[in-house]
Each structure stands twice: as C-alpha cells, then as structure tokens.
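Participant: input_29.cif is reproduced below (mmCIF, C-alpha atoms and all ligand atoms).
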```cif
data_entry
loop_
_atom_site.label_atom_id
_atom_site.label_comp_id
_atom_site.auth_asym_id
_atom_site.auth_seq_id
_atom_site.Cartn_x
_atom_site.Cartn_y
_atom_site.Cartn_z
CA MET D 1 -1.18 -34.59 -5.88
CA SER D 2 -4.75 -34.81 -7.24
CA ASP D 3 -5.74 -33.92 -10.83
CA SER D 4 -7.62 -30.86 -9.64
CA GLU D 5 -4.53 -29.59 -7.81
CA ASP D 6 -2.56 -29.99 -11.05
CA VAL D 7 -5.21 -27.92 -12.82
CA TRP D 8 -4.98 -25.19 -10.15
CA ASP D 9 -1.17 -25.17 -10.36
CA LEU D 10 -1.41 -24.64 -14.10
CA TYR D 11 -4.13 -22.00 -13.71
CA TRP D 12 -2.01 -19.94 -11.28
CA GLU D 13 1.15 -20.43 -13.29
CA VAL D 14 -0.52 -18.82 -16.31
CA CYS D 15 -2.55 -16.24 -14.35
CA LEU D 16 0.39 -15.00 -12.23
CA ARG D 17 3.05 -15.16 -14.96
CA GLU D 18 3.37 -11.37 -15.18
CA LEU D 19 3.04 -10.78 -11.43
CA GLU D 20 6.46 -9.94 -9.98
CA ASP D 21 5.32 -8.81 -6.51
CA LEU D 22 6.25 -11.63 -4.15
CA GLY D 23 3.72 -10.62 -1.48
CA LYS D 24 0.78 -10.65 -3.85
CA ARG D 25 1.88 -13.95 -5.40
CA GLU D 26 2.44 -15.79 -2.10
CA ALA D 27 -0.76 -14.42 -0.56
CA ILE D 28 -2.82 -15.43 -3.61
CA LEU D 29 -1.39 -18.97 -3.69
CA ALA D 30 -1.75 -19.54 0.08
CA THR D 31 -5.30 -18.15 0.13
CA SER D 32 -6.35 -20.13 -2.94
CA ARG D 33 -5.28 -23.34 -1.15
CA LEU D 34 -7.37 -22.34 1.89
CA ILE D 35 -10.43 -21.50 -0.24
CA ARG D 36 -10.21 -24.86 -2.02
CA ASN D 37 -10.01 -26.71 1.31
CA LEU D 38 -12.84 -24.73 2.89
CA ALA D 39 -15.04 -25.11 -0.18
CA GLU D 40 -14.86 -28.91 0.11
CA SER D 41 -17.42 -28.68 2.91
CA PRO D 42 -20.81 -28.29 1.16
CA LYS D 43 -22.26 -25.94 3.77
CA GLN D 44 -19.22 -23.74 3.90
CA PRO D 45 -19.43 -20.14 2.67
CA VAL D 46 -16.06 -18.52 1.96
CA ARG D 47 -15.89 -14.79 2.48
CA LEU D 48 -12.64 -12.86 2.21
CA LEU D 49 -11.71 -9.61 3.92
CA GLU D 50 -8.57 -7.78 2.79
CA LEU D 51 -7.37 -4.97 5.06
CA GLY D 52 -5.22 -2.46 3.15
CA CYS D 53 -6.36 -3.88 -0.20
CA GLY D 54 -4.73 -1.19 -2.38
CA GLU D 55 -6.16 -1.42 -5.90
CA GLY D 56 -7.76 -4.77 -5.10
CA GLN D 57 -5.52 -7.02 -7.17
CA ILE D 58 -5.19 -9.76 -4.54
CA ILE D 59 -8.80 -10.02 -3.39
CA GLY D 60 -10.08 -9.38 -6.93
CA THR D 61 -7.92 -12.11 -8.49
CA LEU D 62 -8.95 -14.60 -5.78
CA VAL D 63 -12.66 -13.88 -6.07
CA GLU D 64 -12.55 -14.11 -9.87
CA ALA D 65 -10.65 -17.41 -9.73
CA HIS D 66 -12.99 -19.02 -7.19
CA ALA D 67 -16.26 -17.52 -8.42
CA GLN D 68 -17.95 -20.92 -8.27
CA VAL D 69 -17.57 -21.03 -4.46
CA ARG D 70 -20.81 -20.03 -2.73
CA LEU D 71 -20.90 -16.62 -1.04
CA ILE D 72 -17.47 -15.59 -2.16
CA ASN D 73 -19.21 -12.45 -3.48
CA ALA D 74 -19.82 -11.38 0.14
CA SER D 75 -16.14 -10.48 0.27
CA CYS D 76 -14.85 -7.06 1.24
CA GLY D 77 -11.77 -4.86 0.87
CA VAL D 78 -10.80 -1.88 3.05
CA ASP D 79 -8.33 0.89 2.24
CA TYR D 80 -8.07 4.54 3.20
CA SER D 81 -6.81 5.68 -0.20
CA PRO D 82 -9.74 7.18 -2.19
CA PRO D 83 -8.10 6.67 -5.64
CA ALA D 84 -7.28 3.05 -4.77
CA ILE D 85 -10.86 2.34 -3.65
CA GLU D 86 -12.22 4.05 -6.76
CA LYS D 87 -10.16 1.68 -8.92
CA CYS D 88 -11.21 -1.35 -6.83
CA ARG D 89 -14.89 -0.54 -7.40
CA ARG D 90 -14.33 -0.09 -11.12
CA TYR D 91 -12.27 -3.27 -11.62
CA TYR D 92 -14.14 -5.62 -9.25
CA PRO D 93 -17.81 -4.59 -8.99
CA GLU D 94 -18.79 -7.96 -7.43
CA ILE D 95 -16.80 -7.15 -4.24
CA SER D 96 -17.77 -4.52 -1.68
CA PHE D 97 -15.06 -1.98 -0.92
CA ILE D 98 -14.96 0.38 2.03
CA GLU D 99 -12.94 3.58 2.05
CA GLY D 100 -11.71 3.88 5.63
CA ASP D 101 -8.97 3.43 8.21
CA PHE D 102 -8.58 -0.15 9.40
CA THR D 103 -7.06 1.04 12.69
CA ASP D 104 -10.49 2.56 13.48
CA GLN D 105 -12.05 0.09 15.92
CA GLY D 106 -15.60 1.32 15.13
CA LEU D 107 -15.12 0.63 11.42
CA MET D 108 -13.63 -2.80 12.12
CA ALA D 109 -16.44 -3.74 14.52
CA GLY D 110 -19.01 -3.03 11.79
CA LEU D 111 -17.41 -5.23 9.11
CA GLY D 112 -18.87 -8.56 10.25
CA HIS D 113 -17.16 -11.95 10.17
CA PHE D 114 -15.14 -13.67 7.48
CA GLU D 115 -13.62 -17.09 6.86
CA ILE D 116 -10.33 -15.55 5.66
CA VAL D 117 -8.71 -12.20 6.54
CA LEU D 118 -5.74 -10.98 4.48
CA LEU D 119 -3.08 -8.52 5.62
CA VAL D 120 -0.56 -8.18 2.80
CA ASN D 121 2.15 -5.55 3.09
CA ALA D 122 -0.20 -3.49 5.25
CA LEU D 123 0.95 -3.77 8.88
CA HIS D 124 4.38 -2.21 8.23
CA GLU D 125 2.47 0.94 7.24
CA VAL D 126 0.74 0.95 10.64
CA PHE D 127 4.16 0.63 12.28
CA SER D 128 5.69 3.38 10.13
CA ALA D 129 2.78 5.74 10.91
CA GLY D 130 4.08 5.74 14.50
CA TYR D 131 6.86 8.22 13.61
CA SER D 132 7.46 10.60 16.51
CA THR D 133 8.68 14.11 15.63
CA GLU D 134 9.95 14.38 19.19
CA LEU D 135 12.17 11.30 18.82
CA GLY D 136 12.99 11.97 15.15
CA GLU D 137 12.29 8.24 14.57
CA VAL D 138 9.46 5.73 14.83
CA ASP D 139 8.44 5.26 18.46
CA VAL D 140 9.17 1.52 18.41
CA PRO D 141 7.38 0.28 21.59
CA GLU D 142 4.26 2.39 20.88
CA SER D 143 4.20 1.39 17.20
CA LYS D 144 4.57 -2.31 18.05
CA ARG D 145 1.58 -1.92 20.41
CA ARG D 146 -0.43 -0.35 17.55
CA VAL D 147 0.51 -3.22 15.22
CA GLU D 148 -0.59 -5.79 17.80
CA GLN D 149 -3.84 -3.89 18.44
CA MET D 150 -4.48 -3.89 14.70
CA LEU D 151 -3.81 -7.64 14.53
CA SER D 152 -6.22 -8.17 17.39
CA ASN D 153 -8.94 -6.17 15.56
CA ALA D 154 -8.33 -8.26 12.44
CA VAL D 155 -8.70 -11.49 14.43
CA LYS D 156 -12.06 -10.25 15.76
CA CYS D 157 -13.28 -10.17 12.14
CA LEU D 158 -12.55 -13.90 11.76
CA MET D 159 -15.21 -16.58 12.14
CA PRO D 160 -14.24 -19.25 14.70
CA GLY D 161 -12.00 -21.62 12.74
CA GLY D 162 -11.21 -18.88 10.19
CA TYR D 163 -7.77 -18.10 8.78
CA LEU D 164 -5.50 -15.06 8.87
CA VAL D 165 -3.04 -14.73 5.96
CA LEU D 166 -0.23 -12.28 6.67
CA PHE D 167 2.64 -11.28 4.38
CA ASP D 168 5.05 -8.52 5.34
CA GLY D 169 8.64 -7.54 6.06
CA VAL D 170 10.43 -9.17 8.99
CA GLU D 171 13.04 -7.84 11.43
CA ASN D 172 16.37 -9.64 11.90
CA PRO D 173 16.59 -12.02 14.85
CA GLY D 174 19.10 -11.33 17.62
CA GLU D 175 20.93 -8.15 18.55
CA ILE D 176 20.14 -5.68 15.77
CA GLN D 177 22.53 -3.01 17.13
CA GLU D 178 25.53 -5.29 16.42
CA LYS D 179 27.91 -3.81 13.85
CA LEU D 180 28.98 -5.15 10.50
CA CYS D 181 31.25 -3.88 7.76
CA ILE D 182 30.12 -3.70 4.12
CA ARG D 183 31.93 -2.92 0.89
CA PHE D 184 30.18 -1.29 -2.08
CA ARG D 185 30.85 -2.86 -5.47
CA ASN D 186 31.10 0.48 -7.31
CA TRP D 187 30.63 4.25 -6.97
CA GLN D 188 26.96 4.12 -8.00
CA ALA D 189 26.22 1.71 -5.15
CA ARG D 190 28.10 3.98 -2.72
CA SER D 191 26.16 7.01 -3.92
CA ARG D 192 22.80 5.18 -3.66
CA PHE D 193 23.69 4.27 -0.05
CA ASP D 194 24.46 7.94 0.71
CA SER D 195 21.02 8.96 -0.64
CA PHE D 196 19.40 6.26 1.49
CA ALA D 197 21.19 7.39 4.65
CA ARG D 198 20.15 11.03 4.04
CA GLU D 199 16.55 10.44 3.01
CA TYR D 200 15.22 7.37 4.88
CA HIS D 201 12.62 8.75 7.24
CA PRO D 202 11.49 6.14 9.86
CA PHE D 203 14.93 5.81 11.52
CA ARG D 204 18.09 7.90 11.67
CA ILE D 205 20.76 5.97 9.79
CA SER D 206 24.26 6.16 11.18
CA TYR D 207 27.46 4.66 9.85
CA GLN D 208 31.19 4.99 10.20
CA GLU D 209 33.51 5.66 7.28
CA SER D 210 36.70 3.64 6.96
CA SER D 211 40.02 4.54 5.31
CA ASP D 212 38.66 2.77 2.20
CA PRO D 213 35.90 4.96 0.66
CA PHE D 214 34.10 1.82 -0.53
CA GLU D 215 33.70 0.47 3.02
CA VAL D 216 31.42 1.54 5.88
CA GLU D 217 30.53 0.09 9.28
CA LEU D 218 26.90 0.18 10.43
CA SER D 219 24.45 -1.70 12.62
CA VAL D 220 22.54 -4.78 11.49
CA ARG D 221 19.39 -2.69 12.01
CA ASP D 222 20.47 0.03 9.57
CA PHE D 223 22.00 -2.40 7.08
CA THR D 224 18.74 -4.39 6.90
CA ARG D 225 16.76 -1.22 6.27
CA TYR D 226 19.19 -0.09 3.58
CA ILE D 227 19.46 -3.37 1.70
CA THR D 228 15.71 -4.08 1.66
CA LYS D 229 15.07 -0.60 0.22
CA SER D 230 18.01 -0.65 -2.20
CA ILE D 231 15.89 -1.78 -5.18
CA PHE D 232 13.91 1.48 -4.97
CA LEU D 233 16.86 3.89 -4.74
CA GLY D 234 17.03 6.26 -7.71
CA LYS D 235 13.48 5.30 -8.76
CA GLU D 236 10.22 7.26 -8.47
CA LEU D 237 8.82 4.77 -5.94
CA TRP D 238 11.55 5.79 -3.48
CA GLN D 239 9.53 8.96 -2.73
CA THR D 240 6.88 6.80 -0.97
CA GLU D 241 9.14 3.92 0.09
CA ARG D 242 11.45 6.26 2.03
CA TYR D 243 8.68 6.79 4.61
CA GLU D 244 8.09 3.10 5.37
CA SER D 245 10.03 0.66 7.51
CA TYR D 246 9.37 -2.93 6.41
CA GLN D 247 10.82 -4.24 9.66
CA TYR D 248 8.86 -4.24 12.93
CA PHE D 249 8.52 -7.76 14.40
CA ASN D 250 11.12 -10.50 14.11
CA GLU D 251 9.93 -14.08 13.62
CA ALA D 252 9.83 -14.75 17.38
CA GLU D 253 7.77 -11.59 17.97
CA PHE D 254 5.27 -12.62 15.27
CA ARG D 255 4.98 -16.04 16.94
CA GLU D 256 4.50 -14.45 20.38
CA ALA D 257 1.85 -12.00 19.10
CA PHE D 258 -0.05 -14.82 17.37
CA THR D 259 0.11 -16.93 20.55
CA ARG D 260 -1.27 -14.02 22.64
CA LEU D 261 -4.13 -13.76 20.12
CA GLU D 262 -4.73 -17.53 20.46
CA LEU D 263 -4.04 -18.14 16.79
CA ALA D 264 -2.51 -21.48 15.78
CA ILE D 265 0.20 -21.03 13.14
CA CYS D 266 -0.42 -23.47 10.25
CA GLU D 267 2.36 -22.20 7.99
CA LEU D 268 5.26 -19.81 8.55
CA ARG D 269 7.73 -19.18 5.75
CA PRO D 270 10.63 -16.70 5.67
CA LEU D 271 11.23 -15.46 2.08
CA THR D 272 13.88 -13.45 0.27
CA VAL D 273 13.72 -12.32 -3.36
CA ASN D 274 16.43 -9.77 -3.95
CA TYR D 275 19.55 -11.67 -2.93
CA GLU D 276 21.22 -11.46 -6.35
CA LYS D 277 20.53 -7.74 -6.73
CA TRP D 278 21.88 -7.08 -3.23
CA TYR D 279 24.96 -9.16 -3.92
CA SER D 280 25.70 -7.10 -7.04
CA GLU D 281 25.42 -3.90 -4.96
CA VAL D 282 27.43 -4.73 -1.86
CA GLU D 283 29.67 -7.33 -0.24
CA ILE D 284 29.50 -8.13 3.48
CA VAL D 285 33.07 -7.96 4.79
CA THR D 286 32.39 -9.12 8.37
CA PRO D 287 32.88 -12.90 8.49
CA GLY D 288 29.89 -15.05 9.46
CA VAL D 289 27.25 -12.41 8.58
CA ASP D 290 24.82 -12.99 5.71
CA PHE D 291 22.12 -10.93 3.97
CA PRO D 292 18.86 -10.77 5.94
CA VAL D 293 15.64 -12.62 5.40
CA GLU D 294 13.35 -10.02 3.83
CA HIS D 295 9.74 -11.19 4.20
CA ILE D 296 7.53 -13.55 6.13
CA LEU D 297 4.34 -15.39 5.17
CA ILE D 298 2.15 -16.64 8.00
CA VAL D 299 -1.12 -18.56 7.76
CA ALA D 300 -2.80 -18.94 11.14
CA ARG D 301 -6.13 -20.31 12.37
CA LYS D 302 -8.53 -18.99 14.98
CA PRO D 303 -9.79 -21.71 17.36
CA GLY D 304 -13.23 -23.20 16.74
CA GLY D 305 -14.90 -24.95 13.83
CA LEU D 306 -16.21 -23.65 10.54
CA GLY D 307 -19.31 -25.03 8.89
C1 LIG Z 401 1.71 -1.66 0.16
S1 LIG Z 401 0.02 -1.47 -0.10
C2 LIG Z 401 -0.52 -3.13 -0.26
C3 LIG Z 401 -1.81 -3.27 -1.02
C4 LIG Z 401 -2.29 -4.71 -1.21
N1 LIG Z 401 -2.48 -5.39 0.04
C5 LIG Z 401 -1.32 -5.46 -2.09
O1 LIG Z 401 -0.42 -6.12 -1.56
O2 LIG Z 401 -1.45 -5.33 -3.31
C6 LIG Z 401 -0.60 -1.06 1.51
C7 LIG Z 401 -2.00 -0.51 1.46
O3 LIG Z 401 -2.47 -0.36 2.80
C8 LIG Z 401 -3.23 0.83 2.86
N2 LIG Z 401 -3.24 1.27 4.28
C9 LIG Z 401 -2.17 1.49 5.08
N3 LIG Z 401 -2.58 1.84 6.31
C10 LIG Z 401 -3.94 1.81 6.28
C11 LIG Z 401 -4.94 2.07 7.25
N4 LIG Z 401 -4.62 2.43 8.50
N5 LIG Z 401 -6.24 1.94 6.89
C12 LIG Z 401 -6.57 1.59 5.61
N6 LIG Z 401 -5.66 1.34 4.65
C13 LIG Z 401 -4.35 1.44 4.98
C14 LIG Z 401 -2.51 1.81 1.91
O4 LIG Z 401 -3.37 2.82 1.44
C15 LIG Z 401 -2.07 0.87 0.79
O5 LIG Z 401 -3.02 0.81 -0.25
#
```
Let me see whether you can do it: turn the structure in this file into structure tokens.
Ligand SMILES: C[S@@+](CC[C@H](N)C(=O)[O-])C[C@H]1O[C@@H](n2cnc3c(N)ncnc32)[C@H](O)[C@@H]1O

Facilitator:
Amino acid sequence: MSDSEDVWDLYWEVCLRELEDLGKREAILATSRLIRNLAESPKQPVRLLELGCGEGQIIGTLVEAHAQVRLINASCGVDYSPPAIEKCRRYYPEISFIEGDFTDQGLMAGLGHFEIVLLVNALHEVFSAGYSTELGEVDVPESKRRVEQMLSNAVKCLMPGGYLVLFDGVENPGEIQEKLCIRFRNWQARSRFDSFAREYHPFRISYQESSDPFEVELSVRDFTRYITKSIFLGKELWQTERYESYQYFNEAEFREAFTRLELAICELRPLTVNYEKWYSEVEIVTPGVDFPVEHILIVARKPGGLG
C-alpha cells in the first residue's frame, strides 16, 4: 500500500467516523478509489452524477474530499424531492442539482456524460413505485423491467470507460417461496412482527401460526422482507420504510442485467450489517437456513477508454 493510500484511509476513517449508513459509507469509499485512479491520468476530468442523491451527502462529501481533481465541480445530483434538493443547493453550492424524476428519459438524455454514475439506495424505490392496486402488491415483472430501463438510462450517461457504482438491497438466491420456521425471542419481537405483517405495503405478508405462539412459518420471501425492515419497526422511519421493498434482483439477476447492458463488473460484494440485531429478535428453527444477505455493492465499467 502506498503512502498516499495510507493518508486516504486515515482521511476517510476520521471523516466517516459518525456515518452509520452502510450504503453511503461503501459508496463513498468505492467511488473515492475510482476518482483517485482516474485522476492519475493528467488529461482526465472526473465528473460525478448521483441519481436519487437525497440531501447530497454522498456526492457532496466526495466532491469536497477530491476538490483538487480537475473538473470535479462539473458534477451533478438529481432527486425529485424539492426539500432534499433545496438542502443540497444550500450545503454544496459547487455542485449542480436538478429537481426531477430520473425515470424521465428526456431529463436523463439532457444530463450529458460523466466518468462516474452513482445509484445508492435508489433503484429499490423505482421497483417499489410499481405497486399495482389491482394486484394489491408490486407488479414484479413490470417493476423489474422499469428497474432495468432505469439502469440502461443511467449507463447512457456514462462516458465510454466510465464507472457505475450501485449499492442497494438484494433478493435471496433460489426458491424464495420455500418455507421456513422462525421463533421470536420475546413478546416485543412477536408484536413487532405482527405490525410488520399488517402494515408492509409492497407485498402481502402471509404466515402460519403454530401451537407455540412464539413460532410462525413463512416463506423465505416474506421472512427476508420482515428481517431487513425489523430495525425500523416501532420507529418514525417505519412510516416511509413500510412502502419500500429493498429486494428486487438477486445477485444472478444483477449480473445478467449488467451483462445485457455490456457493463463489465469490476467489484461485486454482498454485505450484511444487522446480523446481531436480527439474531437478538428471532431464531431460525428450520435447520440449514441462515439469515439473508442484505445489500450488494457493484462497481462496473462501460466499455471504451477514458482520457
Ligand atoms: C433512500 S434515498 C437515498 C439518497 C442517497 N442516494 C443516499 O444514499 O444518501 C433515495 C432517494 O431517491 C430519490 N428518488 C427515488 N425515486 C426517484 C426518481 N424516480 N427520481 C428522482 N429521485 C428519486 C428519493 O427522493 C430519495 O431522496
């Protein structure tokens, strides 16, 4: 490891000390590595585009940290939330922010081209927006098509040789309708599960009671949705989280979508943060079944050369 990498490690350790959000942290670290590599070429501008930038913490932190890299100030964030964009403009005046819908092909076509495009915890919202009142659930095939269309629009914003950084939830591999049996550790955990099953919006949650009130049987699909939302149950954030499914593509589907878009995957990392919290909430009774992988980080490259 070079001296300058040691300095960057220390910089991020201090800068991200208070940052608990795994998606933001992993996206910032992965993108910082890319910026440092790209900036080694003297002719290389580095412009970032973040789609679904929220209050701008990721793109803002990256631009501030790498301010010495030429043209980094031509970076751009897009979000359709007016209060979020208002904060972005106030906190990070050196970046341009656009208030708009990133599923709008006209808007995307007008953004121009970037060396790095970030999609952090944004695509699951596109998937969740595909809720069908007729079905009473998310229309899965149609919503997966919308996610892939969105990915394709994002790739069009990349320069040849540019990088896409994606962080989001990930679906379980294999047969997600298979059943498993879980046992709640206490009455509070049981009651939080009941609230989840009643209030989770994207999918109808079904489960079977057993003779033991602490045990229920449910599908891998519903268990994954429950356990990855369990940290929000009983908190204010649940009122927004209950409308979003983190899971849409499994790892194989991400790989297939990236291959169809002719992106070469440089890094793919499954990540889980809440294992200990989950374990204190519930035990998996069915032998051979473990808690799910929660998130995925993918860094992929568009063909062609930069510079
Ligand atoms: C969970 S937040 C993530 C924000 C940011 N990427 C981060 O990780 O800090 C998702 C953001 O995507 C935005 N969003 C979701 N769908 C969008 C769309 N179709 N067009 C623009 N913004 C969208 C939401 O407003 C929200 O700010």

Participant: Could you list, as a VMD selection string, all residues that come within 7 Å of ligand LIG 401 (chain Z)? Count all atoms listed in the file.

Facilitator: chain D and resid 23 to 24 51 to 58 78 to 81 84 100 to 103 119 to 122 125 to 126

Participant: Find the residues around Thr228 in chain D up to 10 Å (only C-alpha atoms counted), leave out those fewer than 2 positions away in its own chain, and share them as a VMD selection string.

Facilitator: chain D and resid 169 223 to 226 230 to 232 245 to 247 272 to 275 278 291 to 295

Participant: If you measure from CA of Arg36 in chain D to CA of Pro93 in chain D, what distance in Å do you get, rounded to one decimal?

Facilitator: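 Distance reported for this atom pair: 22.7 Å.
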
Participant: Just want the 12 Å neighbourhood of Arg145 in chain D, counted on all atoms listed in the file, with same-chain residues fewer than 6 positions away dropped. Output as a list of chain:residue names.

Facilitator: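 Everything that qualifies: D:Thr103, D:Leu123, D:Val126, D:Phe127, D:Gly130, D:Asp139, D:Leu151, D:Ser152, D:Tyr248, D:Phe249, D:Glu253, D:Ala257.
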
Participant: For Ile116 in chain D, which residue among D:Arg47, D:Lys144, D:His66, D:Arg190 is the nearest when counting all atoms listed in the file?

Facilitator: D:Arg47

Participant: Counting only C-alpha atoms, which residue out of D:Arg17, D:Lys43, D:Arg242, D:Arg25 sits closest to Phe167 in chain D?

Facilitator: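 Using only C-alpha atoms, Phe167 in chain D sits closest to D:Arg25.
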